[in-house]
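Peer 1: One structure is given below, represented as C-alpha cells, and several questions about it will come after.
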Amino acid sequence: MKRFLLCWLVIAGVWACSPNMKNNQPSITVSILPHKYLVERIVGDHFKVNVLTPPGANHETYEPTTRQIKELSDADLLVINGFLLFEDNLAKKFGRSPSVKLVDLSHGVNLISSEVVQQGNHVHLHGVDPHFWLSPAEVKVMARNMLHVLTALTPDNAELFESNYQGFMNDIDTLDAFIRQSFSDLRTRTFLIYHPALSYFARDYDLNQVAIEMEGKEPTVQHMKKIADLAMQEHIKTVFIQSQFSIATARAVAHEIGGKVVTLNPVPENWLESMYEMTRILHQAMIE
C-alpha cells in the first residue's frame with residue numbers, strides 16, 4: 001500500500017507540474033478587448049490571456065468585480081491601456097506587487113489632451129484621451145512596448161515573439177495603406193459621432209470629428225442646431241454612435257438632418273478586422 005501511495009504521489013506531482021496544465025500556464029490579464037488581440041498576436045498560445053472588461057461593457061465606466069481583482073493576483077502580467085479610470089485604481093493596487101508585473105502600454109504614445117478632464121459619467125484621466133488603440137500608428141508603439149516586456153520575461157521565446165511581432169507590423173502597414181487609399185476620394189472629411197472616441201484615428205488620417213455630446217452630457221438645443229447646420233453645409237447624412245451608448249439622442253440628430261444612425265464598436269475583440277470594417281463604414285458615409 002505504501003509503495004502504491006508513493007507512486008501515486010510522484011505521478012500526481014508530475015501531472016500537476018506539467019506546463020500544459022491550465023493552472024500552471026503563464027497568464028496575462030489585459031484591461032480591454034483590443035489589447036487581447038494585440039498581446040495574442042505576439043505571444044501566440046504561450047500565454048493565457050484574460051480580459052477584465054467583457055464585450056459590450058463601457059470601458060470608461062467599468063468597475064472590475066471582486067472576483068476579478070482576486071484573480072489578478074495569479075496573473076504574471078497586468079496590461080493596462082493607461083488613462084482609463086478603473087486602470088488607475090488597479091495600478092495603485094498592483095503597481096508595487098512583487099508577483100504581478102504592471103505593463104502600461106501608453107509609454108511613447110503621441111497623446112491627445114482631452115478638453116475636459118471629467119465628462120459627466122465619462123472620466124478622461126489626467127485630461128488625456130485614452131482611445132489611442134484606434135490608431136494604427138499608436139498600436140505599433142503599444143505592440144513594441146509589449147514585445148520588450150515579453151522578451152524580458154521569457155527570453156527563450158524572444159525569436160518567436162519577434163517573428164510574430166513583425167507579422168503584426170506588416171498587417172498594420174497593409175491596414176494603413178488601405179485606410180489612406182479609402183480616404184483619398186472623400187466628398188467631405190467631417191463626420192458626426194456621439195462620443196468623440198476617434199480623435200486619434202481622425203488625427204492620423206486628416207479627418208474632422210464632430211462630437212454630439214457636450215462634456216459627457218446630452219447636447220443643448222443650441223448645440224443640436226449647430227450640428228444640424230454643419231450637417232447641412234457638409235451634406236452629412238450619417239450619425240455614428242458607439243454600441244456602449246444610448247441611441248436616442250443620435251436618432252434625434254439623424255432625424256433633424258434627414259439621415260441615419262450607424263453603430264460602431266470602439267472596443268472590438270478582433271482589432272484588425274474591426275479597423276477594416278470601421279474604415280469601410282466611415283468611407284461610405286463620407287462619399288454619399
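Ordering of the C-alpha cells sets the chain letters (A, B, ...), residue numbers begin anew at 1 in every chain, and ligands are numbered from 1 in the order given.
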Applying 10 Å and only C-alpha atoms, which residues near Gln284 (chain A) remain after dropping the ones on its own chain fewer than 4 positions away? List them as a ChimeraX atom specification.
Peer 2: /A:182-183,186,238,278-280,288
Peer 1: Store the residues picked out above in a file with N, CA, C and O atoms, as a PDB file, in the first residue's frame.
Peer 2:
```pdb
ATOM      1  N   SER A 182      -8.576  54.470 -49.046  1.00  0.00           N
ATOM      2  CA  SER A 182     -10.029  54.609 -48.887  1.00  0.00           C
ATOM      3  C   SER A 182     -10.437  56.063 -48.705  1.00  0.00           C
ATOM      4  O   SER A 182     -11.499  56.484 -49.172  1.00  0.00           O
ATOM      5  N   PHE A 183      -9.606  56.840 -48.027  1.00  0.00           N
ATOM      6  CA  PHE A 183      -9.959  58.222 -47.711  1.00  0.00           C
ATOM      7  C   PHE A 183      -9.384  59.224 -48.715  1.00  0.00           C
ATOM      8  O   PHE A 183      -9.328  60.421 -48.439  1.00  0.00           O
ATOM      9  N   LEU A 186     -12.801  61.356 -50.718  1.00  0.00           N
ATOM     10  CA  LEU A 186     -13.958  61.722 -49.904  1.00  0.00           C
ATOM     11  C   LEU A 186     -14.609  63.017 -50.396  1.00  0.00           C
ATOM     12  O   LEU A 186     -13.933  63.946 -50.826  1.00  0.00           O
ATOM     13  N   THR A 238     -25.075  60.830 -41.936  1.00  0.00           N
ATOM     14  CA  THR A 238     -24.842  59.706 -41.018  1.00  0.00           C
ATOM     15  C   THR A 238     -24.398  60.222 -39.656  1.00  0.00           C
ATOM     16  O   THR A 238     -23.551  61.112 -39.562  1.00  0.00           O
ATOM     17  N   MET A 278     -14.515  49.419 -39.847  1.00  0.00           N
ATOM     18  CA  MET A 278     -14.779  50.801 -39.479  1.00  0.00           C
ATOM     19  C   MET A 278     -14.387  51.745 -40.612  1.00  0.00           C
ATOM     20  O   MET A 278     -15.093  52.725 -40.906  1.00  0.00           O
ATOM     21  N   THR A 279     -13.275  51.464 -41.272  1.00  0.00           N
ATOM     22  CA  THR A 279     -12.834  52.282 -42.403  1.00  0.00           C
ATOM     23  C   THR A 279     -13.863  52.246 -43.526  1.00  0.00           C
ATOM     24  O   THR A 279     -14.202  53.286 -44.114  1.00  0.00           O
ATOM     25  N   ARG A 280     -14.355  51.060 -43.838  1.00  0.00           N
ATOM     26  CA  ARG A 280     -15.356  50.933 -44.909  1.00  0.00           C
ATOM     27  C   ARG A 280     -16.624  51.714 -44.567  1.00  0.00           C
ATOM     28  O   ARG A 280     -17.206  52.391 -45.429  1.00  0.00           O
ATOM     29  N   GLU A 288     -21.154  59.604 -49.649  1.00  0.00           N
ATOM     30  CA  GLU A 288     -22.560  59.650 -50.047  1.00  0.00           C
ATOM     31  C   GLU A 288     -23.020  61.069 -50.345  1.00  0.00           C
ATOM     32  O   GLU A 288     -22.580  62.020 -49.716  1.00  0.00           O
TER      33      GLU A 288
END
```
Peer 1: Need to verify the contact set: Phe201 (chain A), 10 Å, only C-alpha atoms, exclusion of same-chain residues closer than 3 positions in sequence. Can you return it as an NGL selection string?
Peer 2: :A and (131-138 or 197-198 or 204-209 or 279)
Peer 1: So that I can check the surroundings of region 234-237 of chain A, please list as a list in words every protein, DNA and RNA residue that reaches within 6 Å of it, counting only C-alpha atoms and ignoring chain neighbours fewer than 2 positions away.
Peer 2: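 In the requested form, the answer reads Ala231, Met232 and Gly259 of chain A.
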Peer 1: Mind checking which residues fall within 8 Å of region 64-74 of chain A, counting only C-alpha atoms, ignoring those fewer than 6 positions away in the same chain, and posting them as a ChimeraX atom specification?
Peer 2: /A:27,29,52-53,86,99-100
Peer 1: Just the selected residues (all heavy atoms), exported as a tab-separated table (two decimals), in the first residue's frame, please.
Peer 2:
```
chain	number	residue	atom	x	y	z
A	27	SER	N	-0.03	33.46	-17.40
A	27	SER	CA	-1.21	34.21	-17.83
A	27	SER	C	-0.96	35.71	-17.84
A	27	SER	O	-0.14	36.23	-17.09
A	27	SER	CB	-2.41	33.90	-16.94
A	27	SER	OG	-2.21	34.41	-15.63
A	29	THR	N	-3.30	39.33	-17.96
A	29	THR	CA	-4.62	39.97	-17.89
A	29	THR	C	-4.53	41.35	-18.51
A	29	THR	O	-3.63	42.13	-18.18
A	29	THR	CB	-5.11	40.09	-16.43
A	29	THR	OG1	-5.30	38.78	-15.89
A	29	THR	CG2	-6.43	40.85	-16.36
A	52	LEU	N	-10.44	42.00	-18.58
A	52	LEU	CA	-11.27	42.49	-17.48
A	52	LEU	C	-12.63	42.96	-17.96
A	52	LEU	O	-13.66	42.59	-17.40
A	52	LEU	CB	-10.55	43.63	-16.75
A	52	LEU	CG	-9.34	43.24	-15.91
A	52	LEU	CD1	-8.66	44.49	-15.35
A	52	LEU	CD2	-9.74	42.30	-14.78
A	53	THR	N	-12.68	43.80	-18.99
A	53	THR	CA	-13.97	44.34	-19.44
A	53	THR	C	-14.61	43.38	-20.43
A	53	THR	O	-14.03	43.10	-21.49
A	53	THR	CB	-13.79	45.72	-20.11
A	53	THR	OG1	-12.75	45.62	-21.09
A	53	THR	CG2	-13.42	46.78	-19.10
A	86	PHE	N	-10.66	53.08	-14.24
A	86	PHE	CA	-10.57	51.86	-13.44
A	86	PHE	C	-9.15	51.29	-13.45
A	86	PHE	O	-8.74	50.61	-12.51
A	86	PHE	CB	-11.59	50.82	-13.92
A	86	PHE	CG	-11.20	50.05	-15.15
A	86	PHE	CD1	-10.52	48.85	-15.05
A	86	PHE	CD2	-11.55	50.51	-16.42
A	86	PHE	CE1	-10.18	48.12	-16.18
A	86	PHE	CE2	-11.22	49.79	-17.55
A	86	PHE	CZ	-10.53	48.59	-17.44
A	99	SER	N	4.45	39.98	-7.20
A	99	SER	CA	4.09	38.82	-8.00
A	99	SER	C	3.46	39.16	-9.35
A	99	SER	O	3.43	38.34	-10.25
A	99	SER	CB	3.12	37.92	-7.21
A	99	SER	OG	1.94	38.65	-6.89
A	100	VAL	N	2.95	40.40	-9.50
A	100	VAL	CA	2.29	40.79	-10.74
A	100	VAL	C	3.03	41.99	-11.34
A	100	VAL	O	3.17	43.02	-10.69
A	100	VAL	CB	0.81	41.17	-10.49
A	100	VAL	CG1	0.14	41.57	-11.81
A	100	VAL	CG2	0.06	40.03	-9.83
```
Peer 1: Quick one: residues within 9 Å of Val51 (chain A), only C-alpha atoms counted, chain neighbours fewer than 2 positions away excluded, as a compact mmCIF listing (two decimals) with C-alpha atoms, in the first residue's frame?
Peer 2:
```txt
# COMPACT_ATOMS: atom_id res chain seq x y z
CA ILE A 28 -1.65 37.83 -18.85
CA THR A 29 -4.62 39.97 -17.89
CA VAL A 30 -5.47 42.95 -20.10
CA SER A 31 -7.87 45.75 -19.30
CA ILE A 32 -9.82 45.91 -22.61
CA LEU A 33 -10.61 43.59 -25.51
CA HIS A 35 -5.37 44.52 -26.10
CA LYS A 36 -6.16 40.82 -26.00
CA VAL A 49 -4.80 35.99 -22.00
CA THR A 53 -13.97 44.34 -19.44
CA PRO A 54 -16.47 41.95 -21.05
```
Peer 1: Give the answer as one residue: which of A:Asp45, A:Glu218, A:Glu60, A:Asp176 has the shortest atom-to-atom distance to Ala250 (chain A), using only C-alpha atoms?
Peer 2: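 Result for the nearest residue to Ala250 (chain A): A:Glu218.
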Peer 1: Go through region 31-235 of chain A and collect every residue that DSSP, computed from the backbone, puts in strand (DSSP E); the answer should be as a PyMOL selection string.
Peer 2: chain A and resi 48-51+77-80+101-104+118-119+122-123+190-193+208-211
Peer 1: Take the residues from that selection and put them in a file with N, CA and C atoms, as a short mmCIF file (atom, residue, chain, number, x, y, z; two decimals), in the first residue's frame.
Peer 2:
```
data_model
loop_
_atom_site.label_atom_id
_atom_site.label_comp_id
_atom_site.auth_asym_id
_atom_site.auth_seq_id
_atom_site.Cartn_x
_atom_site.Cartn_y
_atom_site.Cartn_z
N LYS A 48 -1.90 32.40 -21.49
CA LYS A 48 -3.35 32.51 -21.43
C LYS A 48 -3.67 33.99 -21.22
N VAL A 49 -4.52 34.56 -22.07
CA VAL A 49 -4.80 35.99 -22.00
C VAL A 49 -6.25 36.19 -21.53
N ASN A 50 -6.40 36.88 -20.41
CA ASN A 50 -7.71 37.19 -19.84
C ASN A 50 -8.02 38.67 -20.03
N VAL A 51 -9.32 39.00 -20.07
CA VAL A 51 -9.76 40.39 -20.26
C VAL A 51 -10.66 40.80 -19.11
N LEU A 77 1.33 39.05 -15.72
CA LEU A 77 1.37 40.43 -16.19
C LEU A 77 -0.03 41.03 -16.12
N LEU A 78 -0.11 42.29 -15.73
CA LEU A 78 -1.34 43.07 -15.83
C LEU A 78 -1.08 44.19 -16.83
N VAL A 79 -1.75 44.12 -17.97
CA VAL A 79 -1.51 45.07 -19.06
C VAL A 79 -2.64 46.10 -19.10
N ILE A 80 -2.28 47.36 -18.93
CA ILE A 80 -3.28 48.42 -18.96
C ILE A 80 -3.05 49.35 -20.15
N LYS A 101 3.50 41.84 -12.57
CA LYS A 101 4.19 42.94 -13.23
C LYS A 101 3.17 43.80 -13.97
N LEU A 102 3.18 45.09 -13.71
CA LEU A 102 2.26 46.02 -14.35
C LEU A 102 2.89 46.58 -15.63
N VAL A 103 2.15 46.50 -16.74
CA VAL A 103 2.63 46.98 -18.03
C VAL A 103 1.69 48.07 -18.54
N ASP A 104 2.19 49.29 -18.69
CA ASP A 104 1.41 50.41 -19.20
C ASP A 104 1.76 50.61 -20.67
N GLN A 118 -13.14 65.66 -16.73
CA GLN A 118 -14.28 64.84 -16.37
C GLN A 118 -15.46 65.22 -17.26
N GLN A 119 -15.94 64.23 -18.01
CA GLN A 119 -17.04 64.47 -18.93
C GLN A 119 -18.28 63.73 -18.42
N HIS A 122 -18.20 60.09 -17.90
CA HIS A 122 -17.04 59.58 -18.60
C HIS A 122 -15.81 60.37 -18.16
N VAL A 123 -14.91 59.71 -17.46
CA VAL A 123 -13.75 60.38 -16.91
C VAL A 123 -12.53 60.12 -17.78
N THR A 190 -15.47 65.42 -42.81
CA THR A 190 -16.11 65.62 -41.49
C THR A 190 -17.11 64.51 -41.23
N PHE A 191 -17.12 64.01 -39.99
CA PHE A 191 -18.12 63.03 -39.60
C PHE A 191 -18.66 63.36 -38.21
N LEU A 192 -19.91 62.98 -37.97
CA LEU A 192 -20.58 63.21 -36.69
C LEU A 192 -20.55 61.93 -35.87
N ILE A 193 -20.23 62.06 -34.58
CA ILE A 193 -20.21 60.90 -33.69
C ILE A 193 -20.70 61.34 -32.32
N ASN A 208 -12.15 65.24 -39.71
CA ASN A 208 -12.69 66.18 -38.73
C ASN A 208 -13.81 65.50 -37.97
N GLN A 209 -13.53 65.16 -36.72
CA GLN A 209 -14.51 64.51 -35.86
C GLN A 209 -15.33 65.57 -35.11
N VAL A 210 -16.65 65.50 -35.22
CA VAL A 210 -17.53 66.43 -34.51
C VAL A 210 -18.39 65.63 -33.55
N ALA A 211 -18.25 65.93 -32.24
CA ALA A 211 -18.98 65.19 -31.21
C ALA A 211 -20.34 65.81 -30.95
#
```
Peer 1: For CA of Leu105 (chain A) and CA of Gly82 (chain A), quote the distance in Å rounded to one decimal.
Peer 2: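 Atom-to-atom, CA of Leu105 (chain A) and CA of Gly82 (chain A) are spaced 6.6 Å apart.
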Peer 1: Would you compute the distance between CA of Leu230 (chain A) and CA of Arg203 (chain A)? Give it in Å to one decimal.
Peer 2: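 Computing it gives 19.7 Å between the two atoms.
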Peer 1: Kindly indicate which residue among A:Gln181, A:Thr188, A:Thr263, A:Thr249 lies nearest to Pro219 (chain A), using only C-alpha atoms for the distances.
Peer 2: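 Checking each of A:Gln181, A:Thr188, A:Thr263, A:Thr249 against Pro219 (chain A), counting only C-alpha atoms, the winner is A:Thr249.
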Peer 1: Given only C-alpha atoms as the basis, pick out the residue of A:Lys140, A:Ser243, A:Gln233, A:Ala252 nearest to Arg187 (chain A).
Peer 2: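 Once distances to Arg187 (chain A) are computed over only C-alpha atoms, the minimum belongs to A:Gln233.
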Peer 1: Taking only region 55-209 of chain A into account, list the residues labelled helix (DSSP H, G or I) by DSSP (computed from the backbone), as a ChimeraX atom specification.
Peer 2: /A:66-72,85-94,125-127,132-134,136-153,155-185,199-204
Peer 1: Using only C-alpha atoms, which of the listed residues (A:Gln242, A:Thr220, A:Ser106, A:Ser163) sits closest to Asn265 (chain A)?
Peer 2: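 With only C-alpha atoms as the atom set, the closest residue is A:Gln242.
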Peer 1: When you draw a straight line from CA of Phe168 (chain A) to CA of Leu90 (chain A), how long is it in Å?
Peer 2: 28.3 Å
